[in-house]
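Everything on this sheet refers to the single structure shown next.
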Amino acid sequence: MERLRVSIVAVALLATALLGCQRAPERATSADERPWVVTAAPRPLGGQALGLSGTVRARIEAPLAFQVGGRIVKRHADAGQAVRAGQVLFELDAADLEQAVRAAQADLAAAETAARTAQADLDRVRALQAQSFVSAQALERAQLSAREAASRRDAAQARLAQARNNRGYAALRAPADGVLTDVTGQPGQVVAAGQSVATLAQAGGREVEVQLPDGVMPPPRGEAQLPGGHSVALTLREAAPVVDPLGRTRRARYRAPDLPAELPLGSVVAVRLAGPNAPTSAPTAPAPEAGAAAWVVPVGALDERAEGPRVWRVREGKLEAVPVRVLRVDDRQALVVAPLAPQDRIVALGTHLLQPGMAVRERAS
């Protein structure tokens with residue numbers, strides 16, 4: 001019986017020892033099972049150059065349109081063609097306009113005849129009144145009739161001049177030297193007065209147009225990198241006062257007087273804009289919290305789940321969500337407004353699997 005008790009105690013001690021050996025590796029394994037995350041440091045935007053794509057455009061781009069409506073019968077120019085001032089670009093069917101001129105000429109002839117008749121009547125009445133054969137009232141009526149006839153003649157002359165001008169408007173001429181960048185009018189097409197049929201990029205000064213992200217003020221200076229490898233200086237000339245509701249961008253035009261003449265209109269150049277690029281506050285999307293600034297983060301760092309845009313910051317081996325306001329996103333990076341610091345580390349990939357307070361192991365990108 002004593003041997004049996006000793007055996008039971010020995011088995012119990014052995015089981016306890018084995019259980020302790022099994023629990024120790026479990027604790028070590030749980031520490032090693034913390035997931036790895038790839039982290040990166042956010043880059044502040046202020047004081048850095050902003051890289052964008054720009055388009056070479058003419059200083060003046062004027063849409064061309066007829067001043068009268070009608071049917072286009074001839075087109076004398078194509079898109080991309082250089083034209084001279086006064087050159088005929090389009091012609092309308094002028095048959096109706098010619099008939100309007102003839103009608104105005106007939107009206108003028110009738111008005112002139114009526115004016116001469118009224119003047120002759122006035123001369124006769126004046127002679128009779130001098131001999132007291134007619135009353136003063138008759139003379140006054142004759143004078144009024146003569147003035148009325150003269151006014152109708154003047155109006156007929158003005159209508160004839162207008163009809164002749166309209167007939168001249170049947171030919172659309174280039175208002176200045178330049179290049180047709182867009183031609184939409186076609187022979188047989190019926191157009192209304194003022195309907196654009198072409199766009200003329202006038203010769204002379206050229207500029208670079210860029211589209212800035214919503215919330216970024218246009219920097220006053222920059223440079224354009226040309227295909228040949230050299231660069232030209234840019235100076236801000238104008239910026240759109242409102243943001244495009246579709247693209248959420250703001251158009252800005254930069255003077256580029258040193259652009260080479262052989263660089264065609266519509267060319268795309270790399271633009272680097274220097275100066276204060278601090279985003280402005282957007283009334284439709286307030287900053288996440290006080291002290292927020294603009295930062296450039298990897299595009300994979302954005303987590304846009306139901307809680308709204310945010311990034312994940314690693315502090316003491318644990319994750320915390322930082323709400324952000326997204327200003328611009330491309331295929332590599334995102335421009336955000338967030339309360340971050342240069343020494344912070346944020347998760348750069350796989351943010352859709354993260355949760356607040358999750359313990360992670362950090363691997364720098």
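In the structure tokens, the first chain shown is A, the next is B, and so on; residue numbers restart at 1 for each chain, and ligands run from 1 in the order shown.
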
* Among segment 158-325 of chain A, which ones does DSSP place in alpha helix (DSSP H), written as a PyMOL selection string? -> chain A and resi 158-168

- Select, from A:Gln355, A:Gln67, A:Ser231, A:Gln333, the residue with the minimum atom-to-atom distance to Tyr169 of chain A, counting only C-alpha atoms.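 Checking each of A:Gln355, A:Gln67, A:Ser231, A:Gln333 against Tyr169 of chain A, counting only C-alpha atoms, the winner is A:Gln67.
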
Extract the full set of strand (DSSP E or B) residues from segment 10-165 of chain A according to DSSP on the backbone, and format it as a ChimeraX atom specification. /A:36-40,43-44,50-58,61-65,70-75,82-83,88-92

For those residues, write C-alpha atoms to a file as a PDB file, in the first residue's frame.
ATOM      1  CA  TRP A  36       5.512  42.216 -38.336  1.00  0.00           C
ATOM      2  CA  VAL A  37       4.618  45.573 -39.863  1.00  0.00           C
ATOM      3  CA  VAL A  38       6.544  47.650 -42.386  1.00  0.00           C
ATOM      4  CA  THR A  39       6.900  51.229 -41.161  1.00  0.00           C
ATOM      5  CA  ALA A  40       8.039  54.508 -42.663  1.00  0.00           C
ATOM      6  CA  ARG A  43       7.832  63.610 -44.605  1.00  0.00           C
ATOM      7  CA  PRO A  44       6.783  67.226 -43.893  1.00  0.00           C
ATOM      8  CA  LEU A  50       6.082  70.226 -54.973  1.00  0.00           C
ATOM      9  CA  GLY A  51       6.360  68.062 -58.093  1.00  0.00           C
ATOM     10  CA  LEU A  52       3.510  68.202 -60.625  1.00  0.00           C
ATOM     11  CA  SER A  53       2.869  67.858 -64.336  1.00  0.00           C
ATOM     12  CA  GLY A  54       2.309  71.024 -66.354  1.00  0.00           C
ATOM     13  CA  THR A  55       0.965  71.729 -69.833  1.00  0.00           C
ATOM     14  CA  VAL A  56       2.404  74.308 -72.209  1.00  0.00           C
ATOM     15  CA  ARG A  57      -0.319  76.731 -73.324  1.00  0.00           C
ATOM     16  CA  ALA A  58      -0.596  80.038 -75.120  1.00  0.00           C
ATOM     17  CA  GLU A  61      -6.572  81.086 -76.016  1.00  0.00           C
ATOM     18  CA  ALA A  62      -9.679  82.540 -77.651  1.00  0.00           C
ATOM     19  CA  PRO A  63     -12.727  80.506 -78.705  1.00  0.00           C
ATOM     20  CA  LEU A  64     -13.874  81.553 -82.182  1.00  0.00           C
ATOM     21  CA  ALA A  65     -17.538  81.831 -83.139  1.00  0.00           C
ATOM     22  CA  GLY A  70     -26.391  79.802 -90.199  1.00  0.00           C
ATOM     23  CA  ARG A  71     -25.127  76.691 -91.976  1.00  0.00           C
ATOM     24  CA  ILE A  72     -21.400  76.194 -92.513  1.00  0.00           C
ATOM     25  CA  VAL A  73     -20.616  75.664 -96.199  1.00  0.00           C
ATOM     26  CA  LYS A  74     -16.791  75.802 -96.172  1.00  0.00           C
ATOM     27  CA  ARG A  75     -13.962  75.161 -93.736  1.00  0.00           C
ATOM     28  CA  ALA A  82      -0.930  78.113 -88.184  1.00  0.00           C
ATOM     29  CA  VAL A  83      -3.091  81.013 -89.378  1.00  0.00           C
ATOM     30  CA  VAL A  88     -10.817  83.223 -93.557  1.00  0.00           C
ATOM     31  CA  LEU A  89     -11.387  80.084 -91.488  1.00  0.00           C
ATOM     32  CA  PHE A  90     -15.081  79.266 -92.055  1.00  0.00           C
ATOM     33  CA  GLU A  91     -17.896  80.452 -94.331  1.00  0.00           C
ATOM     34  CA  LEU A  92     -21.645  80.376 -93.802  1.00  0.00           C
TER      35      LEU A  92
END

Kindly provide the residues of segment 215-279 of chain A that approach segment 312-332 of chain A to within 10 Å, each paired with its closest atom pair and their distance in Å to one decimal, based on only C-alpha atoms, listed by chain and increasing number, as CSV.
residue,atom,partner,partner_atom,distance
A:Gly215,CA,A:Leu327,CA,6.7
A:Val216,CA,A:Leu327,CA,8.2
A:Arg248,CA,A:Leu327,CA,9.2
A:Thr249,CA,A:Arg328,CA,9.2
A:Pro279,CA,A:Leu327,CA,8.4

Restricted to C-alpha atoms, what would the selected residues look like written as a CSV table (one decimal), in the first residue's frame?
chain,number,residue,atom,x,y,z
A,215,GLY,CA,-6.1,73.0,-50.1
A,216,VAL,CA,-2.6,73.9,-51.5
A,248,ARG,CA,-11.0,68.9,-56.8
A,249,THR,CA,-8.1,70.8,-58.2
A,279,PRO,CA,-2.2,73.7,-47.3

Across A:Val299, A:Ala348, A:Ala138, A:Val197, the smallest distance to Ala77 of chain A, with only C-alpha atoms counted, is shown by A:Val197

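By only C-alpha atoms, and with residues fewer than 3 positions from segment 109-116 of chain A along its chain excluded, the set lying at most 7 Å from it is Gln105, Ala106, Gln119, Ala120, Ala146, Ala149, Ala150, Arg152, Arg153 and Ala156 of chain A.
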